[in-house]
$ cat coords22.json   # JSON, C-alpha atoms and all ligand atoms
[["chain", "number", "residue", "atom", "x", "y", "z"],
["A", 3, "MET", "CA", -5.16, 35.04, 22.20],
["A", 4, "ASP", "CA", -4.84, 36.12, 18.65],
["A", 5, "LYS", "CA", -3.56, 33.35, 16.52],
["A", 6, "ASP", "CA", -0.08, 34.73, 16.42],
["A", 7, "TYR", "CA", 2.67, 32.52, 15.18],
["A", 8, "PRO", "CA", 6.03, 33.02, 13.54],
["A", 9, "ARG", "CA", 6.27, 33.39, 9.77],
["A", 10, "GLY", "CA", 9.58, 31.67, 9.25],
["A", 11, "TRP", "CA", 12.65, 30.16, 10.89],
["A", 12, "ALA", "CA", 14.12, 33.61, 11.56],
["A", 13, "GLU", "CA", 11.00, 34.73, 13.40],
["A", 14, "LEU", "CA", 10.81, 31.43, 15.23],
["A", 15, "TYR", "CA", 14.28, 31.95, 16.67],
["A", 16, "SER", "CA", 13.71, 35.61, 17.49],
["A", 17, "TRP", "CA", 10.36, 34.94, 19.16],
["A", 18, "PHE", "CA", 11.61, 31.97, 21.16],
["A", 19, "PRO", "CA", 15.22, 32.64, 22.13],
["A", 20, "ASP", "CA", 14.97, 30.89, 25.50],
["A", 21, "ASN", "CA", 12.91, 28.69, 27.78],
["A", 22, "ALA", "CA", 11.06, 31.63, 29.34],
["A", 23, "ALA", "CA", 9.73, 32.80, 25.98],
["A", 24, "CYS", "CA", 8.50, 29.29, 25.19],
["A", 25, "LEU", "CA", 6.82, 28.94, 28.59],
["A", 26, "ASN", "CA", 5.12, 32.28, 28.08],
["A", 27, "TYR", "CA", 3.71, 31.20, 24.71],
["A", 28, "LEU", "CA", 2.53, 27.82, 26.06],
["A", 29, "GLU", "CA", 0.86, 29.58, 28.96],
["A", 30, "ARG", "CA", -1.20, 31.73, 26.60],
["A", 31, "LEU", "CA", -2.19, 28.62, 24.64],
["A", 32, "ARG", "CA", -3.11, 26.56, 27.68],
["A", 33, "TRP", "CA", -4.87, 29.30, 29.63],
["A", 34, "PRO", "CA", -6.11, 31.79, 27.02],
["A", 35, "SER", "CA", -8.15, 33.67, 29.59],
["A", 36, "GLY", "CA", -5.56, 33.51, 32.33],
["A", 37, "PHE", "CA", -4.14, 30.89, 34.68],
["A", 38, "GLU", "CA", -6.56, 28.48, 36.27],
["A", 39, "CYS", "CA", -5.39, 26.22, 39.08],
["A", 40, "PRO", "CA", -5.67, 22.57, 38.01],
["A", 41, "MET", "CA", -6.16, 21.59, 41.64],
["A", 42, "CYS", "CA", -8.78, 23.99, 43.01],
["A", 43, "GLY", "CA", -9.97, 25.67, 39.81],
["A", 44, "VAL", "CA", -9.45, 29.19, 41.12],
["A", 45, "ALA", "CA", -8.56, 31.61, 38.33],
["A", 46, "GLU", "CA", -6.14, 34.05, 39.89],
["A", 47, "GLU", "CA", -2.69, 35.17, 38.88],
["A", 48, "PRO", "CA", -0.32, 32.58, 40.42],
["A", 49, "TRP", "CA", 2.90, 33.27, 42.25],
["A", 50, "ARG", "CA", 5.79, 32.79, 39.90],
["A", 51, "GLN", "CA", 8.99, 31.06, 40.84],
["A", 52, "THR", "CA", 12.09, 30.11, 38.95],
["A", 53, "ARG", "CA", 12.04, 27.52, 36.18],
["A", 54, "GLY", "CA", 8.43, 28.27, 35.31],
["A", 55, "ARG", "CA", 7.00, 26.96, 38.55],
["A", 56, "LEU", "CA", 3.60, 28.42, 39.38],
["A", 57, "THR", "CA", 1.98, 28.39, 42.81],
["A", 58, "CYS", "CA", -1.77, 28.82, 43.19],
["A", 59, "SER", "CA", -2.41, 31.88, 45.36],
["A", 60, "SER", "CA", -5.48, 30.18, 46.79],
["A", 61, "CYS", "CA", -4.56, 26.56, 47.59],
["A", 62, "ARG", "CA", -0.74, 26.79, 47.27],
["A", 63, "HIS", "CA", -0.73, 23.96, 44.72],
["A", 64, "GLN", "CA", 2.48, 23.96, 42.69],
["A", 65, "THR", "CA", 2.33, 23.35, 39.00],
["A", 66, "SER", "CA", 3.74, 24.50, 35.68],
["A", 67, "VAL", "CA", 2.40, 25.02, 32.21],
["A", 68, "THR", "CA", 4.04, 21.81, 31.03],
["A", 69, "ALA", "CA", 2.74, 19.62, 33.88],
["A", 70, "GLY", "CA", 0.28, 17.06, 32.60],
["A", 71, "THR", "CA", 1.21, 17.65, 28.95],
["A", 72, "ILE", "CA", 3.49, 15.95, 26.42],
["A", 73, "PHE", "CA", 6.28, 18.27, 27.65],
["A", 74, "GLU", "CA", 6.15, 16.96, 31.20],
["A", 75, "LYS", "CA", 9.55, 16.06, 32.68],
["A", 76, "THR", "CA", 11.26, 16.57, 29.36],
["A", 77, "ARG", "CA", 15.03, 17.04, 29.38],
["A", 78, "THR", "CA", 14.99, 18.54, 25.93],
["A", 79, "PRO", "CA", 14.94, 22.37, 25.98],
["A", 80, "LEU", "CA", 11.60, 23.85, 24.97],
["A", 81, "THR", "CA", 13.39, 25.83, 22.27],
["A", 82, "THR", "CA", 14.28, 22.48, 20.68],
["A", 83, "TRP", "CA", 10.68, 21.28, 21.04],
["A", 84, "PHE", "CA", 9.47, 24.44, 19.33],
["A", 85, "ALA", "CA", 11.96, 24.04, 16.50],
["A", 86, "ALA", "CA", 10.85, 20.41, 16.13],
["A", 87, "ALA", "CA", 7.18, 21.46, 16.01],
["A", 88, "TRP", "CA", 8.07, 24.08, 13.45],
["A", 89, "TYR", "CA", 9.97, 21.60, 11.32],
["A", 90, "VAL", "CA", 7.19, 18.99, 11.47],
["A", 91, "THR", "CA", 4.45, 21.41, 10.48],
["A", 92, "ASN", "CA", 6.54, 23.00, 7.75],
["A", 93, "GLN", "CA", 7.37, 19.77, 5.98],
["A", 94, "LYS", "CA", 4.68, 19.60, 3.35],
["A", 95, "THR", "CA", 4.40, 15.85, 3.44],
["A", 96, "GLY", "CA", 5.90, 14.72, 6.71],
["A", 97, "ALA", "CA", 9.01, 14.55, 8.78],
["A", 98, "SER", "CA", 11.39, 11.72, 9.50],
["A", 99, "ALA", "CA", 13.44, 11.41, 12.67],
["A", 100, "LEU", "CA", 16.64, 11.46, 10.64],
["A", 101, "GLY", "CA", 15.60, 14.66, 8.87],
["A", 102, "LEU", "CA", 14.72, 16.28, 12.19],
["A", 103, "GLN", "CA", 18.02, 15.22, 13.73],
["A", 104, "GLN", "CA", 19.95, 16.77, 10.85],
["A", 105, "VAL", "CA", 18.01, 20.02, 10.66],
["A", 106, "LEU", "CA", 18.17, 20.68, 14.40],
["A", 107, "GLY", "CA", 21.70, 19.36, 14.74],
["A", 108, "LEU", "CA", 20.66, 16.95, 17.47],
["A", 109, "ARG", "CA", 23.40, 14.66, 18.67],
["A", 110, "SER", "CA", 21.03, 11.79, 19.35],
["A", 111, "TYR", "CA", 18.81, 10.14, 16.77],
["A", 112, "GLN", "CA", 16.80, 8.78, 19.66],
["A", 113, "THR", "CA", 15.97, 12.28, 20.91],
["A", 114, "ALA", "CA", 14.72, 13.22, 17.46],
["A", 115, "TRP", "CA", 12.66, 10.04, 17.23],
["A", 116, "THR", "CA", 11.07, 10.61, 20.63],
["A", 117, "LEU", "CA", 10.28, 14.27, 19.96],
["A", 118, "LEU", "CA", 8.55, 13.31, 16.72],
["A", 119, "HIS", "CA", 6.64, 10.52, 18.37],
["A", 120, "LYS", "CA", 5.35, 12.75, 21.16],
["A", 121, "LEU", "CA", 4.39, 15.51, 18.74],
["A", 122, "ARG", "CA", 2.43, 12.99, 16.68],
["A", 123, "ARG", "CA", 0.48, 12.07, 19.80],
["A", 124, "ALA", "CA", -0.57, 15.70, 20.06],
["A", 125, "MET", "CA", -1.79, 15.80, 16.49],
["A", 126, "VAL", "CA", -5.15, 14.31, 17.30],
["A", 127, "ARG", "CA", -7.14, 16.80, 19.26],
["A", 128, "PRO", "CA", -8.73, 15.41, 22.40],
["A", 129, "GLY", "CA", -12.49, 15.84, 22.35],
["A", 130, "ARG", "CA", -12.54, 16.63, 18.65],
["A", 131, "GLU", "CA", -15.83, 16.92, 16.80],
["A", 132, "LEU", "CA", -17.50, 13.95, 15.16],
["A", 133, "LEU", "CA", -17.95, 13.66, 11.41],
["A", 134, "GLY", "CA", -21.41, 14.46, 10.06],
["A", 135, "GLY", "CA", -23.53, 14.60, 6.93],
["A", 136, "GLU", "CA", -22.63, 11.83, 4.52],
["A", 137, "VAL", "CA", -19.73, 9.67, 5.64],
["A", 138, "GLU", "CA", -18.06, 6.89, 3.68],
["A", 139, "VAL", "CA", -16.54, 4.09, 5.76],
["A", 140, "ASP", "CA", -14.29, 1.31, 4.52],
["A", 141, "GLU", "CA", -11.17, -0.58, 5.54],
["A", 142, "THR", "CA", -7.78, -0.77, 3.94],
["A", 143, "TYR", "CA", -4.59, -2.70, 4.57],
["A", 144, "VAL", "CA", -1.22, -1.08, 5.11],
["A", 145, "GLY", "CA", 2.22, -2.36, 5.96],
["A", 146, "GLY", "CA", 4.21, -5.42, 5.09],
["A", 147, "ARG", "CA", 3.77, -7.39, 1.93],
["A", 148, "GLU", "CA", 1.83, -10.54, 2.13],
["A", 149, "GLU", "CA", 1.43, -13.17, -0.47],
["A", 150, "GLY", "CA", -1.39, -15.59, -1.05],
["A", 151, "VAL", "CA", -3.78, -13.68, 1.20],
["A", 152, "THR", "CA", -6.74, -12.06, -0.40],
["A", 153, "GLY", "CA", -9.89, -10.40, 0.72],
["A", 154, "ARG", "CA", -10.39, -9.28, 4.27],
["A", 155, "PHE", "CA", -8.11, -11.78, 5.97],
["A", 156, "THR", "CA", -4.61, -10.79, 6.86],
["A", 157, "ARG", "CA", -1.80, -11.61, 9.23],
["A", 158, "LYS", "CA", 1.05, -9.18, 8.72],
["A", 159, "LYS", "CA", -0.63, -6.08, 7.43],
["A", 160, "ALA", "CA", -2.34, -3.58, 9.66],
["A", 161, "ILE", "CA", -6.04, -3.11, 9.05],
["A", 162, "VAL", "CA", -7.05, 0.54, 9.06],
["A", 163, "VAL", "CA", -10.66, 1.66, 9.00],
["A", 164, "ILE", "CA", -11.32, 5.02, 7.34],
["A", 165, "ALA", "CA", -14.29, 7.38, 7.79],
["A", 166, "LEU", "CA", -14.49, 10.33, 5.42],
["A", 167, "GLU", "CA", -17.01, 13.17, 5.12],
["A", 168, "ILE", "CA", -18.39, 13.49, 1.60],
["A", 169, "LYS", "CA", -19.31, 16.97, 0.42],
["A", 170, "ARG", "CA", -21.93, 17.56, -2.29],
["A", 171, "PRO", "CA", -21.68, 18.29, -5.13],
["A", 172, "ARG", "CA", -18.00, 17.44, -4.76],
["A", 173, "GLY", "CA", -15.08, 17.34, -2.39],
["A", 174, "TYR", "CA", -14.19, 15.83, 0.94],
["A", 175, "GLY", "CA", -14.38, 17.04, 4.50],
["A", 176, "ARG", "CA", -12.53, 15.58, 7.44],
["A", 177, "VAL", "CA", -11.18, 12.08, 7.94],
["A", 178, "ARG", "CA", -10.81, 9.72, 10.88],
["A", 179, "LEU", "CA", -8.59, 6.65, 10.89],
["A", 180, "ARG", "CA", -8.15, 3.78, 13.31],
["A", 181, "ARG", "CA", -6.13, 0.59, 13.31],
["A", 182, "ILE", "CA", -8.42, -2.32, 14.16],
["A", 183, "PRO", "CA", -7.53, -5.93, 14.98],
["A", 184, "ASP", "CA", -10.06, -7.44, 12.59],
["A", 185, "VAL", "CA", -13.01, -6.46, 10.42],
["A", 186, "SER", "CA", -15.74, -7.79, 12.69],
["A", 187, "ALA", "CA", -18.70, -5.69, 13.72],
["A", 188, "ASP", "CA", -17.15, -5.53, 17.19],
["A", 189, "SER", "CA", -14.22, -3.59, 15.73],
["A", 190, "LEU", "CA", -16.01, -1.56, 13.07],
["A", 191, "VAL", "CA", -19.12, -0.35, 14.87],
["A", 192, "PRO", "CA", -17.38, 1.15, 17.96],
["A", 193, "PHE", "CA", -15.08, 3.08, 15.63],
["A", 194, "ILE", "CA", -18.07, 4.52, 13.80],
["A", 195, "ARG", "CA", -19.75, 5.44, 17.10],
["A", 196, "ASP", "CA", -16.57, 7.24, 18.20],
["A", 197, "ALA", "CA", -16.02, 9.02, 14.87],
["A", 198, "VAL", "CA", -19.43, 9.78, 13.36],
["A", 199, "LEU", "CA", -22.43, 11.80, 14.59],
["A", 200, "PRO", "CA", -25.51, 9.68, 15.40],
["A", 201, "ASP", "CA", -27.67, 11.36, 12.75],
["A", 202, "ALA", "CA", -25.20, 10.93, 9.88],
["A", 203, "VAL", "CA", -25.70, 8.97, 6.68],
["A", 204, "VAL", "CA", -23.14, 6.16, 6.64],
["A", 205, "LEU", "CA", -22.12, 4.71, 3.27],
["A", 206, "THR", "CA", -20.42, 1.32, 3.31],
["A", 207, "ASP", "CA", -20.09, -1.71, 1.12],
["A", 208, "GLY", "CA", -22.18, -4.79, 1.80],
["A", 209, "TRP", "CA", -19.77, -6.37, 4.30],
["A", 210, "GLN", "CA", -21.58, -8.11, 7.17],
["A", 211, "GLY", "CA", -19.47, -6.26, 9.76],
["A", 212, "TYR", "CA", -21.50, -3.13, 8.95],
["A", 213, "LYS", "CA", -24.91, -4.80, 9.27],
["A", 214, "PRO", "CA", -25.49, -3.74, 12.91],
["A", 215, "LEU", "CA", -25.41, -0.09, 11.78],
["A", 216, "SER", "CA", -29.04, -0.41, 10.71],
["A", 217, "ARG", "CA", -29.92, -0.95, 14.38],
["A", 218, "GLU", "CA", -28.06, 2.19, 15.42],
["A", 219, "SER", "CA", -29.26, 5.75, 14.98],
["A", 220, "TYR", "CA", -27.47, 6.08, 11.64],
["A", 221, "THR", "CA", -29.04, 6.09, 8.21],
["A", 222, "HIS", "CA", -27.05, 3.19, 6.83],
["A", 223, "LYS", "CA", -26.72, 2.92, 3.05],
["A", 224, "PRO", "CA", -24.81, -0.21, 2.15],
["A", 225, "THR", "CA", -23.85, -0.76, -1.47],
["A", 226, "ASN", "CA", -23.51, -4.31, -2.60],
["A", 227, "ILE", "CA", -20.46, -3.83, -4.76],
["A", 228, "LYS", "CA", -20.77, -7.17, -6.51],
["A", 229, "ALA", "CA", -24.41, -6.58, -7.35],
["A", 230, "SER", "CA", -23.80, -3.00, -8.43],
["A", 231, "GLY", "CA", -21.23, -4.22, -10.95],
["A", 232, "ASP", "CA", -18.95, -1.30, -10.09],
["A", 233, "PRO", "CA", -15.50, -1.83, -8.68],
["A", 234, "ALA", "CA", -15.16, -0.55, -5.12],
["A", 235, "HIS", "CA", -13.34, 2.62, -6.17],
["A", 236, "VAL", "CA", -16.40, 3.71, -8.16],
["A", 237, "SER", "CA", -19.04, 3.29, -5.48],
["A", 238, "MET", "CA", -16.74, 4.42, -2.62],
["A", 239, "PRO", "CA", -14.46, 6.93, -4.35],
["A", 240, "GLY", "CA", -13.63, 9.02, -1.27],
["A", 241, "VAL", "CA", -12.26, 6.41, 1.08],
["A", 242, "HIS", "CA", -10.38, 4.73, -1.75],
["A", 243, "ARG", "CA", -8.74, 8.02, -2.59],
["A", 244, "VAL", "CA", -7.75, 8.49, 1.06],
["A", 245, "ALA", "CA", -6.46, 4.92, 1.28],
["A", 246, "ALA", "CA", -4.30, 5.46, -1.82],
["A", 247, "LEU", "CA", -2.96, 8.77, -0.50],
["A", 248, "LEU", "CA", -2.22, 7.22, 2.90],
["A", 249, "LYS", "CA", -0.23, 4.38, 1.35],
["A", 250, "ARG", "CA", 1.66, 6.73, -0.96],
["A", 251, "TRP", "CA", 2.46, 8.99, 2.01],
["A", 252, "LEU", "CA", 3.75, 6.08, 4.10],
["A", 253, "MET", "CA", 5.89, 4.92, 1.19],
["A", 254, "GLY", "CA", 7.14, 8.37, 0.26],
["A", 255, "THR", "CA", 7.81, 9.97, 3.63],
["A", 256, "HIS", "CA", 8.66, 6.91, 5.61],
["A", 257, "GLN", "CA", 9.91, 4.66, 2.80],
["A", 258, "GLY", "CA", 7.24, 2.20, 3.80],
["A", 259, "ALA", "CA", 9.37, 1.41, 6.83],
["A", 260, "VAL", "CA", 6.44, 1.62, 9.17],
["A", 261, "ARG", "CA", 6.14, -1.22, 11.56],
["A", 262, "PRO", "CA", 2.57, -2.17, 12.46],
["A", 263, "LYS", "CA", 3.21, -1.28, 16.11],
["A", 264, "HIS", "CA", 4.09, 2.29, 15.13],
["A", 265, "ILE", "CA", 1.20, 2.76, 12.80],
["A", 266, "ASP", "CA", -1.13, 4.52, 15.26],
["A", 267, "ALA", "CA", 1.25, 7.46, 15.55],
["A", 268, "TYR", "CA", 1.53, 7.72, 11.77],
["A", 269, "LEU", "CA", -2.25, 7.61, 11.41],
["A", 270, "ASP", "CA", -2.46, 10.51, 13.86],
["A", 271, "GLU", "CA", 0.01, 12.51, 11.80],
["A", 272, "TYR", "CA", -1.76, 11.69, 8.56],
["A", 273, "THR", "CA", -5.14, 12.70, 10.00],
["A", 274, "PHE", "CA", -3.69, 16.01, 11.23],
["A", 275, "ARG", "CA", -2.26, 16.76, 7.80],
["A", 276, "PHE", "CA", -5.31, 15.65, 5.82],
["A", 277, "ASN", "CA", -7.80, 17.59, 7.94],
["A", 278, "ARG", "CA", -5.72, 20.73, 7.61],
["A", 279, "ARG", "CA", -4.75, 20.26, 3.98],
["A", 280, "THR", "CA", -6.34, 23.53, 2.97],
["A", 281, "SER", "CA", -4.54, 25.58, 5.62],
["A", 282, "ILE", "CA", -2.57, 28.10, 3.66],
["A", 283, "SER", "CA", -0.43, 29.03, 6.62],
["A", 284, "ARG", "CA", 2.20, 26.64, 7.90],
["A", 285, "GLY", "CA", 2.52, 28.89, 10.92],
["A", 286, "LEU", "CA", -1.11, 28.23, 11.79],
["A", 287, "LEU", "CA", -0.36, 24.49, 11.79],
["A", 288, "PHE", "CA", 2.48, 25.15, 14.24],
["A", 289, "TYR", "CA", 0.09, 27.12, 16.43],
["A", 290, "ARG", "CA", -2.52, 24.33, 16.30],
["A", 291, "LEU", "CA", 0.02, 21.65, 17.10],
["A", 292, "LEU", "CA", 1.32, 23.45, 20.21],
["A", 293, "GLU", "CA", -2.23, 24.33, 21.20],
["A", 294, "GLN", "CA", -3.05, 20.62, 21.17],
["A", 295, "ALA", "CA", 0.25, 19.69, 22.79],
["A", 296, "VAL", "CA", -0.63, 21.58, 25.99],
["A", 297, "VAL", "CA", -3.88, 19.63, 26.35],
["A", 298, "THR", "CA", -2.44, 16.22, 25.44],
["A", 299, "LYS", "CA", -1.59, 14.02, 28.39],
["A", 300, "PRO", "CA", 1.99, 12.87, 28.77],
["A", 301, "ALA", "CA", 3.07, 9.45, 27.64],
["A", 302, "PRO", "CA", 5.92, 8.43, 29.89],
["A", 303, "TYR", "CA", 8.78, 7.39, 27.68],
["A", 304, "GLU", "CA", 8.60, 3.87, 29.02],
["A", 305, "ASP", "CA", 5.03, 3.66, 27.72],
["A", 306, "ILE", "CA", 6.15, 4.58, 24.24],
["A", 307, "VAL", "CA", 8.92, 2.02, 24.43],
["A", 308, "ILE", "CA", 6.60, -0.71, 25.58],
["A", 309, "ARG", "CA", 3.89, 0.17, 23.11],
["A", 310, "ASP", "CA", 6.33, 0.33, 20.25],
["A", 311, "GLY", "CA", 8.47, -2.54, 21.38],
["A", 312, "ASP", "CA", 11.68, -0.61, 21.08],
["A", 313, "PRO", "CA", 13.75, -1.87, 23.99],
["A", 314, "GLY", "CA", 17.32, -0.84, 24.44],
["A", 315, "ARG", "CA", 16.51, 2.81, 23.94],
["A", 316, "ARG", "CA", 15.75, 3.92, 27.44],
["A", 317, "ARG", "CA", 16.85, 7.53, 27.47],
["A", 318, "ARG", "CA", 14.28, 10.16, 28.11],
["A", 319, "SER", "CA", 13.66, 12.82, 25.52],
["A", 401, "ZN", "ZN", -5.41, 26.14, 43.63]]
$ encode --input "coords22.json" --output "structure tokens"
Amino acid sequence: MDKDYPRGWAELYSWFPDNAACLNYLERLRWPSGFECPMCGVAEEPWRQTRGRLTCSSCRHQTSVTAGTIFEKTRTPLTTWFAAAWYVTNQKTGASALGLQQVLGLRSYQTAWTLLHKLRRAMVRPGRELLGGEVEVDETYVGGREEGVTGRFTRKKAIVVIALEIKRPRGYGRVRLRRIPDVSADSLVPFIRDAVLPDAVVLTDGWQGYKPLSRESYTHKPTNIKASGDPAHVSMPGVHRVAALLKRWLMGTHQGAVRPKHIDAYLDEYTFRFNRRTSISRGLLFYRLLEQAVVTKPAPYEDIVIRDGDPGRRRRS
């Protein structure tokens, strides 16, 4: 499928006037070379029924393009989902649930909040490529204020580990972020394995949690910041820049009102935006988001509620 996407709100509404148009678009994103039965794998044109139901002509399995995706069992019209995806990707810095509710004229704040939350889940591409070349890794602390706690020990703040590709002579590549429970090697090293190619050069400070990297396949280049005499932002400029941008973004877009239990979703959104910061086309971001949405597994609403500890809001999106 050509990367075709609307160029503005007017085109969005004329391209996607109803559910059928949305289903058609999602189908081309999910099965670019034609329908493939998720049960038997046969690639033949399915029988089409009402409400987007598809029946495999070989094994009779019934499915739909939204089954097994973030859109599964949604009660919100797909046209609203599409408008939400458009709004999210067209906000230069980020979208709040209140802003989304107002722009789309949604009656329920909770619907807006849930749509946003599910779209954020789709912002991190499953099976994405690992970072390579030279990669800076360091941790930062985001969230609530905390007094009298210094260094790497914290109770209220979330610890976020950052991996960033460094380009020579200048510039940055892609970023990966993860919230970790502590700064032990048991938390740091698995993140690096998941985020960074085995033959990469990994730049860290001299923290002991990074020591095991020398036994991995990486070329580990620790800098003892105290011994070097440089403050951390000089020897690790990239990750410190990302950390500063992340904190400013959380403060600016979300007024810092990010509870630690919600932080994973915000990290996903930030990663999506950072890694596509040079995309000149907002429409392409919309395309990418929906493309990822049809390969992102559903999170039943109850899961989101439990994970985010938001009881009392039990309506489905
Ligand atoms: Zn089949």
$ residues_around --input "coords22.json" --residues "range 79-86 of chain A" --least-positions-apart "3" --cutoff "7 Å" --atoms "all atoms listed in the file" --output "number ranges by chain"
A: 18, 20-21, 24, 89-90, 102
$ closest_atom_pairs --input "coords22.json" --of "chain A" --to "ligand ZN 401 (chain A)" --cutoff "10 Å" --atoms "only C-alpha atoms and all ligand atoms" --output "tab-separated table"
residue	atom	partner	partner_atom	distance
A:Glu38	CA	A:ZN401	ZN	7.8
A:Cys39	CA	A:ZN401	ZN	4.6
A:Pro40	CA	A:ZN401	ZN	6.7
A:Met41	CA	A:ZN401	ZN	5.0
A:Cys42	CA	A:ZN401	ZN	4.0
A:Gly43	CA	A:ZN401	ZN	6.0
A:Val44	CA	A:ZN401	ZN	5.7
A:Ala45	CA	A:ZN401	ZN	8.2
A:Glu46	CA	A:ZN401	ZN	8.8
A:Pro48	CA	A:ZN401	ZN	8.8
A:Thr57	CA	A:ZN401	ZN	7.8
A:Cys58	CA	A:ZN401	ZN	4.5
A:Ser59	CA	A:ZN401	ZN	6.7
A:Ser60	CA	A:ZN401	ZN	5.1
A:Cys61	CA	A:ZN401	ZN	4.1
A:Arg62	CA	A:ZN401	ZN	6.0
A:His63	CA	A:ZN401	ZN	5.3
A:Gln64	CA	A:ZN401	ZN	8.2
A:Thr65	CA	A:ZN401	ZN	9.4
$ closest_residue --input "coords22.json" --among "A:Ile265, A:Leu287, A:Ala12, A:Ala187" --to "Gly211 in chain A" --atoms "all atoms listed in the file"
A:Ala187
$ residues_around --input "coords22.json" --residues "Thr280 in chain A" --least-positions-apart "4" --cutoff "12 Å" --atoms "only C-alpha atoms" --output "PyMOL selection string"
chain A and resi 94+173-176+274-276+284+286-287
$ closest_residue --input "coords22.json" --among "A:Thr78, A:Arg127, A:Leu108, A:Gly101" --to "Leu292 in chain A" --atoms "all atoms listed in the file"
A:Arg127
$ atom_distance --input "coords22.json" --atom1 "CA of Ala202 in chain A" --atom2 "CA of Leu133 in chain A"
7.9 Å
$ atom_distance --input "coords22.json" --atom1 "CA of Arg180 in chain A" --atom2 "CA of Val137 in chain A"
15.1 Å
$ atom_distance --input "coords22.json" --atom1 "CA of Val126 in chain A" --atom2 "CA of Thr273 in chain A"
7.5 Å
